[in-house]
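Student: The following file, coords_22.txt, comprises compact mmCIF, C-alpha atoms and all ligand atoms:
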```
# COMPACT_ATOMS: atom_id res chain seq x y z
CA MET F 275 -25.37 10.01 -1.15
CA SER F 276 -22.27 11.75 -2.55
CA LYS F 277 -22.45 15.55 -3.06
CA ASN F 278 -20.11 15.04 -5.99
CA PRO F 279 -21.35 12.12 -8.14
CA LYS F 280 -18.61 10.69 -10.32
CA THR F 281 -18.33 8.45 -13.35
CA VAL F 282 -16.64 5.31 -12.07
CA LEU F 283 -15.37 2.44 -14.25
CA ILE F 284 -14.87 -0.96 -12.60
CA THR F 285 -13.11 -3.92 -14.20
CA GLY F 286 -14.06 -7.36 -12.87
CA ALA F 287 -17.49 -6.18 -11.71
CA SER F 288 -19.27 -9.51 -12.30
CA SER F 289 -18.54 -10.97 -8.84
CA GLY F 290 -16.86 -10.50 -5.46
CA ILE F 291 -15.19 -7.19 -4.66
CA GLY F 292 -16.02 -5.57 -8.02
CA GLU F 293 -19.71 -6.39 -7.69
CA ALA F 294 -19.86 -5.22 -4.05
CA THR F 295 -18.05 -2.00 -5.00
CA ALA F 296 -20.50 -1.34 -7.83
CA LEU F 297 -23.45 -1.72 -5.44
CA ARG F 298 -21.83 0.48 -2.78
CA LEU F 299 -20.82 3.26 -5.20
CA ALA F 300 -24.21 3.21 -6.96
CA ASP F 301 -25.82 3.58 -3.55
CA ASP F 302 -23.56 6.62 -3.00
CA GLY F 303 -25.00 8.15 -6.20
CA HIS F 304 -22.08 7.58 -8.57
CA ARG F 305 -22.57 6.62 -12.24
CA LEU F 306 -21.12 3.17 -12.93
CA PHE F 307 -19.61 1.66 -16.05
CA LEU F 308 -19.03 -2.04 -15.44
CA GLY F 309 -16.80 -4.51 -17.28
CA ALA F 310 -16.03 -8.25 -17.16
CA ARG F 311 -16.33 -11.26 -19.47
CA ARG F 312 -19.56 -12.70 -17.95
CA THR F 313 -22.03 -10.20 -19.35
CA LYS F 314 -25.12 -12.01 -18.03
CA ARG F 315 -23.86 -11.36 -14.50
CA LEU F 316 -23.24 -7.71 -15.38
CA GLU F 317 -26.73 -7.36 -16.87
CA ALA F 318 -28.26 -8.66 -13.64
CA LEU F 319 -26.14 -6.22 -11.62
CA VAL F 320 -27.10 -3.24 -13.79
CA GLU F 321 -30.76 -4.23 -13.42
CA GLN F 322 -30.36 -4.45 -9.63
CA ILE F 323 -28.71 -0.99 -9.50
CA GLU F 324 -31.39 0.56 -11.74
CA THR F 325 -34.13 -0.97 -9.58
CA PHE F 326 -33.03 1.13 -6.63
CA GLY F 327 -32.68 4.26 -8.81
CA GLY F 328 -28.94 4.06 -9.54
CA THR F 329 -27.19 4.62 -12.85
CA ALA F 330 -25.11 1.88 -14.45
CA SER F 331 -24.07 0.58 -17.86
CA LEU F 332 -21.97 -2.38 -18.90
CA CYS F 333 -19.56 -3.52 -21.56
CA ARG F 334 -17.97 -6.94 -22.14
CA LEU F 335 -14.31 -6.69 -21.29
CA ASP F 336 -11.22 -8.88 -21.28
CA VAL F 337 -8.55 -6.86 -19.48
CA ALA F 338 -5.78 -9.00 -20.99
CA ASP F 339 -6.62 -7.43 -24.37
CA ALA F 340 -5.38 -3.83 -24.62
CA GLU F 341 -7.80 -3.00 -27.44
CA ASP F 342 -10.75 -4.30 -25.39
CA VAL F 343 -9.80 -2.01 -22.51
CA ARG F 344 -9.41 0.98 -24.85
CA CYS F 345 -12.93 0.30 -26.20
CA PHE F 346 -14.26 -0.07 -22.64
CA VAL F 347 -12.97 3.37 -21.66
CA ALA F 348 -14.05 4.94 -24.98
CA ASN F 349 -17.57 3.51 -24.47
CA ALA F 350 -17.72 4.98 -20.98
CA VAL F 351 -16.67 8.40 -22.32
CA HIS F 352 -19.31 8.10 -25.04
CA THR F 353 -22.00 7.11 -22.49
CA TYR F 354 -21.23 9.56 -19.68
CA GLY F 355 -18.95 12.20 -21.25
CA GLY F 356 -15.81 11.38 -19.23
CA VAL F 357 -14.07 9.21 -16.68
CA ASP F 358 -13.54 10.35 -13.10
CA VAL F 359 -12.42 7.09 -11.49
CA MET F 360 -10.92 3.93 -13.02
CA ILE F 361 -10.93 0.93 -10.67
CA ASN F 362 -8.56 -1.76 -11.96
CA ASN F 363 -9.99 -4.64 -9.96
CA ALA F 364 -10.12 -7.70 -12.28
CA GLY F 365 -7.83 -10.46 -11.09
CA VAL F 366 -7.26 -14.23 -10.99
CA MET F 367 -5.46 -16.39 -8.42
CA PRO F 368 -4.73 -19.97 -9.58
CA LEU F 369 -2.28 -20.75 -6.76
CA SER F 370 0.24 -23.60 -6.99
CA ALA F 371 3.81 -24.39 -5.95
CA LEU F 372 6.43 -23.37 -8.54
CA ALA F 373 7.51 -27.01 -8.80
CA GLU F 374 4.07 -27.85 -10.23
CA ASP F 375 5.25 -25.97 -13.33
CA LYS F 376 1.84 -24.54 -14.27
CA VAL F 377 3.28 -22.14 -16.82
CA ASP F 378 -0.09 -21.40 -18.47
CA GLU F 379 -1.55 -20.35 -15.12
CA TRP F 380 1.49 -18.14 -14.36
CA ASN F 381 1.02 -16.45 -17.72
CA ARG F 382 -2.71 -15.98 -17.12
CA MET F 383 -1.98 -14.23 -13.80
CA ILE F 384 0.60 -12.00 -15.49
CA ASP F 385 -1.83 -11.20 -18.33
CA VAL F 386 -4.83 -10.37 -16.13
CA ASN F 387 -3.27 -9.06 -12.91
CA ILE F 388 -0.37 -7.03 -14.36
CA ARG F 389 -1.13 -6.38 -18.03
CA GLY F 390 -4.81 -5.82 -17.17
CA VAL F 391 -3.89 -3.01 -14.76
CA LEU F 392 -1.43 -1.48 -17.24
CA HIS F 393 -4.06 -1.62 -19.98
CA GLY F 394 -6.48 0.17 -17.65
CA ILE F 395 -3.94 2.89 -16.94
CA SER F 396 -3.02 3.19 -20.61
CA ALA F 397 -6.67 3.67 -21.60
CA ALA F 398 -7.85 5.94 -18.77
CA LEU F 399 -4.82 8.12 -18.04
CA PRO F 400 -4.86 10.16 -21.30
CA VAL F 401 -8.59 10.89 -20.79
CA MET F 402 -7.89 12.06 -17.23
CA ARG F 403 -4.77 14.06 -18.14
CA ALA F 404 -6.71 15.88 -20.87
CA ARG F 405 -9.01 17.22 -18.12
CA SER F 406 -6.27 17.48 -15.45
CA SER F 407 -8.39 15.41 -13.12
CA GLY F 408 -9.05 11.79 -12.32
CA HIS F 409 -8.46 8.96 -9.88
CA ILE F 410 -6.96 5.54 -10.56
CA VAL F 411 -7.69 2.88 -7.95
CA ASN F 412 -5.76 -0.37 -8.30
CA VAL F 413 -6.76 -3.46 -6.33
CA ALA F 414 -3.61 -5.25 -5.15
CA SER F 415 -3.60 -7.67 -2.17
CA ILE F 416 -1.87 -8.30 1.12
CA GLY F 417 0.02 -10.64 -1.23
CA ALA F 418 1.62 -7.43 -2.56
CA HIS F 419 3.48 -7.12 0.73
CA GLU F 420 4.20 -10.71 1.80
CA VAL F 421 4.66 -14.08 0.07
CA GLU F 422 3.39 -17.50 1.15
CA PRO F 423 4.09 -20.92 -0.41
CA THR F 424 2.00 -21.50 -3.60
CA ALA F 425 1.55 -17.74 -3.98
CA ALA F 426 4.91 -16.82 -5.54
CA VAL F 427 3.54 -15.83 -8.95
CA TYR F 428 0.26 -14.37 -7.64
CA SER F 429 2.22 -12.27 -5.13
CA ALA F 430 4.69 -11.25 -7.85
CA THR F 431 1.79 -9.88 -9.89
CA LYS F 432 0.46 -8.01 -6.86
CA PHE F 433 3.93 -6.65 -5.93
CA ALA F 434 3.89 -5.35 -9.52
CA VAL F 435 0.48 -3.71 -9.04
CA TRP F 436 1.83 -1.99 -5.92
CA ALA F 437 5.00 -0.84 -7.72
CA ILE F 438 3.07 0.42 -10.76
CA SER F 439 0.69 2.34 -8.47
CA GLU F 440 3.50 3.88 -6.45
CA GLY F 441 5.37 4.85 -9.63
CA LEU F 442 2.26 6.39 -11.14
CA ARG F 443 1.53 8.32 -7.96
CA LYS F 444 5.04 9.79 -7.97
CA GLU F 445 4.90 10.66 -11.68
CA GLN F 446 1.63 12.59 -11.49
CA SER F 447 1.57 16.19 -10.31
CA GLY F 448 -1.37 15.66 -7.99
CA ASP F 449 -4.17 16.35 -10.48
CA ILE F 450 -4.43 12.60 -11.05
CA ARG F 451 -4.94 10.73 -7.79
CA VAL F 452 -3.72 7.16 -7.30
CA SER F 453 -4.84 4.69 -4.64
CA VAL F 454 -3.98 1.05 -4.17
CA ILE F 455 -6.19 -1.09 -1.99
CA SER F 456 -4.67 -4.29 -0.57
CA PRO F 457 -7.46 -6.63 0.56
CA GLY F 458 -6.81 -9.47 2.94
CA VAL F 459 -8.85 -12.65 2.67
CA THR F 460 -12.28 -11.62 1.40
CA GLU F 461 -15.44 -13.54 0.41
CA SER F 462 -15.51 -13.90 -3.39
CA GLU F 463 -15.08 -16.43 -6.20
CA LEU F 464 -11.31 -15.86 -6.40
CA ALA F 465 -10.21 -19.26 -5.04
CA GLU F 466 -12.35 -21.09 -7.62
CA SER F 467 -9.60 -20.66 -10.23
CA ILE F 468 -7.18 -22.85 -8.20
CA SER F 469 -6.59 -26.11 -10.12
CA ASP F 470 -3.92 -27.50 -7.75
CA THR F 471 -5.69 -29.85 -5.28
CA GLN F 472 -3.39 -29.18 -2.30
CA ALA F 473 -3.37 -25.40 -2.77
CA ARG F 474 -7.16 -25.46 -3.13
CA ALA F 475 -7.60 -27.41 0.15
CA ALA F 476 -5.19 -25.10 2.01
CA MET F 477 -6.96 -22.05 0.65
CA ARG F 478 -10.38 -23.37 1.72
CA GLU F 479 -9.12 -23.47 5.31
CA TYR F 480 -7.39 -20.06 5.02
CA ARG F 481 -10.54 -18.46 3.61
CA ALA F 482 -12.69 -19.55 6.57
CA ARG F 483 -11.80 -16.20 8.18
CA ALA F 484 -12.79 -14.10 5.15
CA ILE F 485 -14.41 -10.69 5.58
CA PRO F 486 -17.33 -9.68 3.33
CA ALA F 487 -16.58 -8.06 -0.03
CA SER F 488 -18.64 -5.08 1.13
CA ALA F 489 -15.81 -4.22 3.59
CA ILE F 490 -13.41 -3.72 0.68
CA ALA F 491 -16.11 -1.78 -1.18
CA ASP F 492 -16.29 0.53 1.85
CA ALA F 493 -12.51 1.09 1.73
CA ILE F 494 -12.71 1.94 -1.99
CA ALA F 495 -15.67 4.27 -1.38
CA PHE F 496 -13.63 5.97 1.36
CA ALA F 497 -10.67 6.52 -1.00
CA ILE F 498 -12.96 7.93 -3.71
CA GLY F 499 -14.66 10.25 -1.24
CA GLN F 500 -11.46 11.97 -0.10
CA PRO F 501 -10.71 15.56 -1.16
CA PRO F 502 -8.70 16.39 -4.32
CA ARG F 503 -4.93 15.90 -4.07
CA TRP F 504 -5.36 13.13 -1.43
CA THR F 505 -3.59 9.97 -2.55
CA SER F 506 -2.74 6.72 -0.84
CA THR F 507 -0.76 3.72 -1.93
CA ARG F 508 -0.92 2.02 1.43
CA SER F 509 -4.47 0.93 2.21
CA SER F 510 -4.61 -2.61 3.61
CA CYS F 511 -7.88 -4.10 4.73
CA GLY F 512 -8.61 -7.60 6.00
CA PRO F 513 -9.44 -9.72 8.99
CA PRO F 514 -7.34 -9.24 12.13
CA PRO F 515 -4.58 -11.77 12.80
CA PRO F 516 -5.65 -14.94 14.65
CA ARG F 517 -5.82 -14.53 18.43
CA THR F 518 -3.94 -16.61 20.98
CA ASN F 519 -5.88 -18.22 23.84
CA HIS F 520 -4.58 -15.49 26.16
CA THR F 521 -6.28 -12.53 24.47
CA GLN F 522 -9.91 -11.49 24.73
CA PRO F 523 -11.79 -10.64 21.51
CA ASP F 524 -11.97 -6.94 20.81
CA PRO F 525 -15.28 -6.08 19.07
CA SER F 526 -13.69 -3.06 17.36
CA ASP F 527 -11.25 -5.41 15.63
CA GLU F 528 -13.71 -6.79 13.05
CA THR F 529 -11.85 -5.21 10.14
CA ALA F 530 -8.37 -3.75 10.07
CA LEU F 531 -8.10 -0.72 7.81
CA VAL F 532 -4.82 1.14 7.61
CA VAL F 533 -4.60 4.25 5.48
P1 LIG U 1 -13.68 -12.81 -7.98
O1 LIG U 1 -13.15 -14.04 -8.63
O2 LIG U 1 -14.99 -12.89 -7.31
O3 LIG U 1 -13.72 -11.62 -9.04
C1 LIG U 1 -12.74 -11.47 -10.03
C2 LIG U 1 -13.31 -10.59 -11.13
O4 LIG U 1 -12.29 -10.42 -12.14
C3 LIG U 1 -14.53 -11.20 -11.80
O5 LIG U 1 -15.49 -10.21 -11.98
C4 LIG U 1 -14.00 -11.68 -13.14
O6 LIG U 1 -15.01 -11.52 -14.13
C5 LIG U 1 -12.90 -10.66 -13.39
N1 LIG U 1 -11.92 -11.13 -14.37
C6 LIG U 1 -11.11 -12.20 -14.30
N2 LIG U 1 -10.39 -12.29 -15.44
C7 LIG U 1 -10.78 -11.26 -16.22
C8 LIG U 1 -10.41 -10.82 -17.51
N3 LIG U 1 -9.48 -11.45 -18.26
N4 LIG U 1 -10.99 -9.69 -18.00
C9 LIG U 1 -11.92 -9.03 -17.29
N5 LIG U 1 -12.32 -9.40 -16.06
C10 LIG U 1 -11.74 -10.51 -15.55
O7 LIG U 1 -12.53 -12.36 -6.97
P2 LIG U 1 -12.33 -11.03 -6.08
O8 LIG U 1 -13.52 -10.18 -6.09
O9 LIG U 1 -11.78 -11.48 -4.81
O10 LIG U 1 -11.15 -10.33 -6.90
C11 LIG U 1 -11.10 -8.95 -7.18
C12 LIG U 1 -9.68 -8.45 -6.98
O11 LIG U 1 -9.37 -8.50 -5.58
C13 LIG U 1 -8.61 -9.26 -7.69
O12 LIG U 1 -7.67 -8.40 -8.28
C14 LIG U 1 -7.97 -10.05 -6.56
O13 LIG U 1 -6.64 -10.39 -6.83
C15 LIG U 1 -8.09 -9.05 -5.42
N6 LIG U 1 -7.95 -9.63 -4.09
C16 LIG U 1 -8.92 -10.47 -3.58
C17 LIG U 1 -8.76 -11.04 -2.33
C18 LIG U 1 -9.74 -12.00 -1.76
O14 LIG U 1 -9.45 -12.63 -0.71
N7 LIG U 1 -10.92 -12.17 -2.34
C19 LIG U 1 -7.58 -10.74 -1.49
C20 LIG U 1 -6.67 -9.85 -2.11
C21 LIG U 1 -6.86 -9.32 -3.35
P3 LIG U 1 -15.26 -12.48 -15.39
O15 LIG U 1 -14.83 -13.87 -15.00
O16 LIG U 1 -16.74 -12.35 -15.61
O17 LIG U 1 -14.46 -11.90 -16.49
```
Would you write the structure of this file as structure tokens?
Tutor:
Amino acid sequence: MSKNPKTVLITGASSGIGEATALRLADDGHRLFLGARRTKRLEALVEQIETFGGTASLCRLDVADAEDVRCFVANAVHTYGGVDVMINNAGVMPLSALAEDKVDEWNRMIDVNIRGVLHGISAALPVMRARSSGHIVNVASIGAHEVEPTAAVYSATKFAVWAISEGLRKEQSGDIRVSVISPGVTESELAESISDTQARAAMREYRARAIPASAIADAIAFAIGQPPRWTSTRSSCGPPPPRTNHTQPDPSDETALVV
């Protein structure tokens, strides 16, 4: 249980990493304000949190719509009186080779993964600056640091999330903290948005080594729990690289977390 309960907003809380983070932070005693488009899923999550004595509210949210995100943050301020932490987590990953020319899917990734994060910053930063305190946590990806075939546009959006986070961190005096978490392959519904048959099959194999979403929730909880003025834009967490036949498994290697 945190000695310093905070009001935490999470975008994309209806499944995967966002949902696991909501459960973990509620368990730590934080007040949650949860957003996504599938409100039935959010309602079930709020009920689950309240059942174990936690505090959570929800609001329908499309992060691609700047006005929606402004309302989301305004509703959280109205409900809890402020915003301590904004977690820009919502994301989509319809992978495909560039030659497949899936322009609509490229635009959707740009709208959700880049514009969604910028909308979150635009809505939450003035509220935080007015109080000279706050923490913005952006969920990027290991795809923010390396590019694989079929992931050119997805990685481009995540490179952008990393760049935006690093720029924001350097622009703020230290009163506003900035963290970017870069998950590796993690159990979630993310690959379900892949319409390209080959990319979907390749991703199914790749995701066989996924770590649980709760591991990323732990990394986010760690970042939130650090003292004031602590910032990080280099937190990568994911499964260890595949082993060769010559190495013995190391039980401490379950999850790699670099801060
Ligand atoms: P999920 O698909 O399980 O979750 C994605 C979440 O984003 C859902 O809650 C979804 O809610 C929400 N979302 C999608 N589009 C919108 C939108 N327009 N407006 C609001 N919410 C939206 O995947 P993950 O949990 O894996 O993804 C979370 C983040 O983690 C993403 O940014 C992803 O890129 C990143 N990531 C994940 C990795 C993984 O291996 N799982 C690896 C690296 C990074 P709804 O559909 O209800 O709106």
Student: Enumerate, as a ChimeraX atom specification, the protein, DNA and RNA residues whose atoms approach (-3.5, 8.9, -12.4) to within 6 Å, taking into account all atoms listed in the file and the coordinate frame of the file.
Tutor: /F:399,409-410,450-452
Student: Which residue gives the smallest distance to ligand LIG 1 (chain U) among F:Ile498, F:Ile323, F:Ile291, F:Ile438, with all atoms listed in the file counted?
Tutor: F:Ile291
Student: Closest to Asn412 (chain F) among F:Ile361, F:Met477, F:Ala489, F:Cys511, using only C-alpha atoms?
Tutor: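 Selected residue with least distance to Asn412 (chain F): F:Ile361.
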Student: If you count only C-alpha atoms, which residues fall within 12 Å of Leu319 (chain F), apart from same-chain ones fewer than 5 positions away, as a list in words?
Tutor: Ala287, Ser288, Ser289, Gly290, Gly292, Glu293, Ala294, Thr295, Ala296, Leu297, Arg298, Ala300, Leu306, Phe307, Leu308, Gly309, Ala310, Arg312, Thr313, Lys314, Glu324, Thr325, Phe326, Gly328, Thr329, Ala330, Ser331 and Leu332 of chain F
Student: Could you name the residues that touch Trp436 (chain F) at 9 Å or less, counting only C-alpha atoms, but leaving out those on the same chain fewer than 6 positions away, as number ranges by chain?
Tutor: F: 412-415, 418-419, 454-456, 507-508
Student: State, in Å with one decimal place, the distance from CA of Val459 (chain F) to CA of Ala434 (chain F).
Tutor: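 About the pair CA of Val459 (chain F) and CA of Ala434 (chain F): they are 19.1 Å apart.
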Student: Using only C-alpha atoms, which of the listed residues (F:Ser453, F:Ser370, F:Thr424, F:Thr353) sits closest to Ala497 (chain F)?
Tutor: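 For Ala497 (chain F), the nearest of the given residues is F:Ser453.
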Student: To one decimal in Å, tell me the separation between atom O6 of ligand LIG 1 (chain U) and CA of Asn363 (chain F).
Tutor: 9.5 Å
Student: Between F:Leu372, F:Ile416, F:Cys345, F:Ala398, which one has atoms that come closest to ligand LIG 1 (chain U), using all atoms listed in the file?
Tutor: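 Nearest to ligand LIG 1 (chain U): F:Ile416.
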